[in-house]
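To keep things clear, I will list the structure first and then write my remarks on it.
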Amino acid sequence: MGWGEIKMKNGELYKVRPIKDLKDMLNSSVEIYGDKAAFLSKPKGGGAYVPISYKQFKSDVDAMGTALIDLGLKNGKIAIIGENRYEWSISYLSVVNGTGVVVPLDKELPANEIALLLNRSQADAIIYSESVKDKIEPLYEKSTSLRYFISMDNEEDEGNILSFHSLLQKGHELLKEGRREFVDAKIDTTAMSILLFTSGTTETAKAVMLSHKNIAENLMGMCSMLYIDEKDTFLSVLPIHHTYECTCGFLCQIYRGCTVAYCEGLRHIVKNLKESKATMMLGVPLIFESMYRQIMNQAIKSKGEKKIKFAIKLCNILSKIGIDIRKKIFKQIHEALGGHIRLFISGAAGIDPQIAKGFRELGISLVQGYGLTECAPIVALNRDIYYKDEAAGLPLPDLQVEIDNPDEDGIGEIKCKGSSVMLGYYENPEATAEAIRDGWFYTGDSGFFDEDGFLHITGRKKNVIITGNGKNVFPEEIETLLNRSPYIKESLVYGKGQSDGDTVICAKIVPDIDKIKDDKENNLIPDESVEKIIEKEVKDVNKTLISYKHIKEFTVQEEEFIKTTTKKIKRHEVLKQ
């Protein structure tokens with residue numbers, strides 16, 4: 001399925017500036033946007049956001065790249081680990097734009113796993129922040145490939161630890177002296193420049209090799225589908241080591257002339273939205289679902305459920321005749337989110353269509369996309385002018401996406417081919433040969449296309465539950481229905497084999513204890529046990545499902561499920577418990 005086959009009711013693609021690579025992207029953005037703020041950064045210890053211009057950013061990238069080459073790191077592998085911050089962004093482009101290969105790592109990993117990934121990638125240097133100092137600095141005494149340890153927070157060199165700020169200063173001095181190895185470095189657009197570990201245990205985590213071309217093509221494709229320009233400010237919330245936030249929440253913004261405001265942490269989202277006057281935010285379903293629940297609970301408490309429902313109904317009727325009063329009617333909600341938000345983008349997992357619809361009814365667009373680290377990362381995206389809340393989106397313009405071996409319902413494995421597909425898995429030819437066959441990358445996800453060319457994801461191929469009579473049950477579908485209950489915080493659906501050869505559908509459920517307590521106190525639900533309340537919710541979900549999908553057993557637990565840093569449940573680890 002490609003753009004030629006998709007009906008053109010989705011409107012023309014937005015014009016995008018051609019870029020060859022990330023160096024070309026940064027250089028051309030600086031020419032166009034110059035003194036405009038590329039970043040809003042918080043000083044140490046908090047305070048107001050401080051703007052950093054495009055010119056300043058490029059100057060710092062050139063200086064750091066020059067300093068890294070001066071250390072003898074040309075063609076080396078350099079790991080970066082830390083929270084979302086200006087120094088991380090400098091480090092990333094100062095490595096890929098002329099020094100060597102960048103290896104972004106997850107700061108939440110335990111020390112032994114970080115050490116293992118550093119060894120697997122054969123990193124020559126690591127740039128790290130104070131928050132992971134205790135995990136990184138002990139590695140100095142161990143025999144690793146690391147030659148340099150660079151601290152983002154030390155003001156001066158301390159023993160074997162180099163200061164990022166001293167290096168940056170030295171780089172600026174070397175540039176003044178006429179050193180141009182970094183500035184004049186030619187980019188091989190098809191060589192490995194980025195090495196990314198997929199989430200999974202470190203033994204099984206695959207190291208994905210990406211090139212400048214992979215990322216540049218992905219940036220041009222996604223920006224031709226969603227309108228983003230220099231008037232936008234993005235709040236950067238998700239961990240930046242992850243390809244979703246890195247490509248779509250940092251590189252995309254530098255390409256389009258936006259401003260990136262760094263969030264101080266998940267607890268500070270609302271405060272930072274206000275302070276930065278953010279117009280857009282990238283998130284995962286869990287973040288948006290939680291935001292929507294809080295917004296609606298507060299609105300209902302202050303105005304009453306009947307008034308809110310009537311206001312939504314009125315807005316929906318008026319919008320059909322071209323009158324949009326949502327921002328006026330829901331002014332308080334918009335102000336609570338900073339007053340400027342126009343678009344939320346959800347990824348990393350499928351979002352409940354009711355959440356996207358719910359935000360839109362309040363006057364805030366929410367679109368979702370689908371991607372994988374191996375695809376740099378976007379494969380399909382809903383457009384701001386043409387979308388289906390239940391779909392993953394339309395394939396990117398230059399990406400071929402097809403369903404392999406579809407069943408009678410058109411469901412099969414999603415495969416894709418195009419210039420944003422990875423080079424392969426690092427030092428793992430067997431895994432590469434298994435994933436890329438005849439130029440097609442097999443995603444491991446199941447899905448289908450509808451008659452309008454929208455891609456729908458039914459779930460991970462390996463998560464599918466096959467019943468005794470050979471029916472396929474996708475746990476993700478049932479989890480979406482369970483999670484709609486105000487009394488269920490999260491759920492995990494799985495199959496359990498029986499001695500008679502049948503498979504029983506089971507669920508692990510984390511209840512929303514606070515909501516249950518509140519509603520009991522307000523006499524909105526009977527004063528029953530949590531298990532009884534959840535049992536009723538499970539029965540209600542079963543009524544909406546065909547019998548072979550019915551949940552036959554469930555357990556309730558108070559502690560939340562183990563998750564990745566992009567808030568995806570680590571399904572197999574939870575099921576092992």
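Residue numbering restarts at 1 in every chain; chains get A, B, ... in the order shown in the structure tokens, and ligands count up from 1 in that same order.
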Output as a ChimeraX atom specification all residues of segment 85-333 of chain A that backbone DSSP marks as strand (DSSP E or B). /A:101-104,125-128,148-151,158,161-163,194-197,207-210,233-236,259-262,280-283
Quick one: DSSP helix (DSSP H, G or I) residues in segment 292-512 of chain A, as a PyMOL selection string? chain A and resi 292-303+305-320+326-329+331-336+353-361+373-375+429-435+461-463+475-483
What is the atom CA of Ala392 of chain A to atom CA of Thr480 of chain A distance in Å?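 Value for the atom CA of Ala392 of chain A-atom CA of Thr480 of chain A distance: 14.6 Å.
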In Å, how far is it from atom CA of Ala261 of chain A to atom CA of Leu40 of chain A?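 Going from atom CA of Ala261 of chain A over to atom CA of Leu40 of chain A, I get 4.5 Å.
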Min atom-atom distance to Ala216 of chain A from the set A:Lys471, A:Arg383, A:Lys15, A:Lys20, counting only C-alpha atoms, belongs to A:Lys20
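Interatomic distance, atom CA of Ile488 of chain A against atom CA of Lys568 of chain A: 16.6 Å.
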Skipping near chain neighbours, those fewer than 2 positions away, what residues fall within 8 Å of Phe554 of chain A using only C-alpha atoms, listed as an MDAnalysis selection string? chainID A and resid 506:509 551:552 556
Could you turn the residues from that selection into a file that holds all heavy atoms, as a PDB file, in the first residue's frame?
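Saved as result_0.pdb:
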ATOM      1  N   CYS A 506      -7.426 -14.710  30.259  1.00  0.00           N
ATOM      2  CA  CYS A 506      -7.267 -14.220  31.635  1.00  0.00           C
ATOM      3  C   CYS A 506      -6.815 -12.763  31.611  1.00  0.00           C
ATOM      4  O   CYS A 506      -6.328 -12.269  30.587  1.00  0.00           O
ATOM      5  CB  CYS A 506      -6.213 -15.025  32.379  1.00  0.00           C
ATOM      6  SG  CYS A 506      -6.511 -16.798  32.335  1.00  0.00           S
ATOM      7  N   ALA A 507      -6.972 -12.099  32.741  1.00  0.00           N
ATOM      8  CA  ALA A 507      -6.520 -10.696  32.836  1.00  0.00           C
ATOM      9  C   ALA A 507      -5.922 -10.417  34.207  1.00  0.00           C
ATOM     10  O   ALA A 507      -6.408 -10.927  35.224  1.00  0.00           O
ATOM     11  CB  ALA A 507      -7.690  -9.757  32.580  1.00  0.00           C
ATOM     12  N   LYS A 508      -4.859  -9.636  34.193  1.00  0.00           N
ATOM     13  CA  LYS A 508      -4.322  -9.055  35.435  1.00  0.00           C
ATOM     14  C   LYS A 508      -4.778  -7.606  35.430  1.00  0.00           C
ATOM     15  O   LYS A 508      -4.629  -6.923  34.402  1.00  0.00           O
ATOM     16  CB  LYS A 508      -2.786  -9.104  35.437  1.00  0.00           C
ATOM     17  CG  LYS A 508      -2.205 -10.494  35.692  1.00  0.00           C
ATOM     18  CD  LYS A 508      -0.677 -10.427  35.583  1.00  0.00           C
ATOM     19  CE  LYS A 508      -0.026 -11.777  35.817  1.00  0.00           C
ATOM     20  NZ  LYS A 508       0.334 -11.990  37.217  1.00  0.00           N
ATOM     21  N   ILE A 509      -5.312  -7.130  36.526  1.00  0.00           N
ATOM     22  CA  ILE A 509      -5.903  -5.787  36.561  1.00  0.00           C
ATOM     23  C   ILE A 509      -5.373  -4.980  37.736  1.00  0.00           C
ATOM     24  O   ILE A 509      -5.300  -5.478  38.868  1.00  0.00           O
ATOM     25  CB  ILE A 509      -7.458  -5.897  36.626  1.00  0.00           C
ATOM     26  CG1 ILE A 509      -7.989  -6.454  35.296  1.00  0.00           C
ATOM     27  CG2 ILE A 509      -8.113  -4.544  36.948  1.00  0.00           C
ATOM     28  CD1 ILE A 509      -9.453  -6.828  35.298  1.00  0.00           C
ATOM     29  N   ILE A 551     -13.323 -12.877  29.037  1.00  0.00           N
ATOM     30  CA  ILE A 551     -12.350 -13.059  30.128  1.00  0.00           C
ATOM     31  C   ILE A 551     -12.985 -14.019  31.131  1.00  0.00           C
ATOM     32  O   ILE A 551     -14.044 -13.746  31.686  1.00  0.00           O
ATOM     33  CB  ILE A 551     -12.032 -11.699  30.805  1.00  0.00           C
ATOM     34  CG1 ILE A 551     -11.433 -10.723  29.797  1.00  0.00           C
ATOM     35  CG2 ILE A 551     -11.111 -11.884  32.005  1.00  0.00           C
ATOM     36  CD1 ILE A 551     -11.520  -9.273  30.205  1.00  0.00           C
ATOM     37  N   LYS A 552     -12.316 -15.166  31.340  1.00  0.00           N
ATOM     38  CA  LYS A 552     -12.871 -16.190  32.239  1.00  0.00           C
ATOM     39  C   LYS A 552     -12.277 -16.078  33.651  1.00  0.00           C
ATOM     40  O   LYS A 552     -12.890 -16.488  34.619  1.00  0.00           O
ATOM     41  CB  LYS A 552     -12.582 -17.587  31.662  1.00  0.00           C
ATOM     42  CG  LYS A 552     -13.208 -17.829  30.277  1.00  0.00           C
ATOM     43  CD  LYS A 552     -14.668 -18.161  30.393  1.00  0.00           C
ATOM     44  CE  LYS A 552     -15.399 -18.584  29.147  1.00  0.00           C
ATOM     45  NZ  LYS A 552     -14.777 -18.730  27.899  1.00  0.00           N
ATOM     46  N   VAL A 556      -6.484  -9.258  40.710  1.00  0.00           N
ATOM     47  CA  VAL A 556      -6.361  -7.821  40.990  1.00  0.00           C
ATOM     48  C   VAL A 556      -5.084  -7.601  41.775  1.00  0.00           C
ATOM     49  O   VAL A 556      -4.769  -8.353  42.704  1.00  0.00           O
ATOM     50  CB  VAL A 556      -7.593  -7.332  41.801  1.00  0.00           C
ATOM     51  CG1 VAL A 556      -7.393  -5.905  42.285  1.00  0.00           C
ATOM     52  CG2 VAL A 556      -8.858  -7.422  40.958  1.00  0.00           C
TER      53      VAL A 556
END
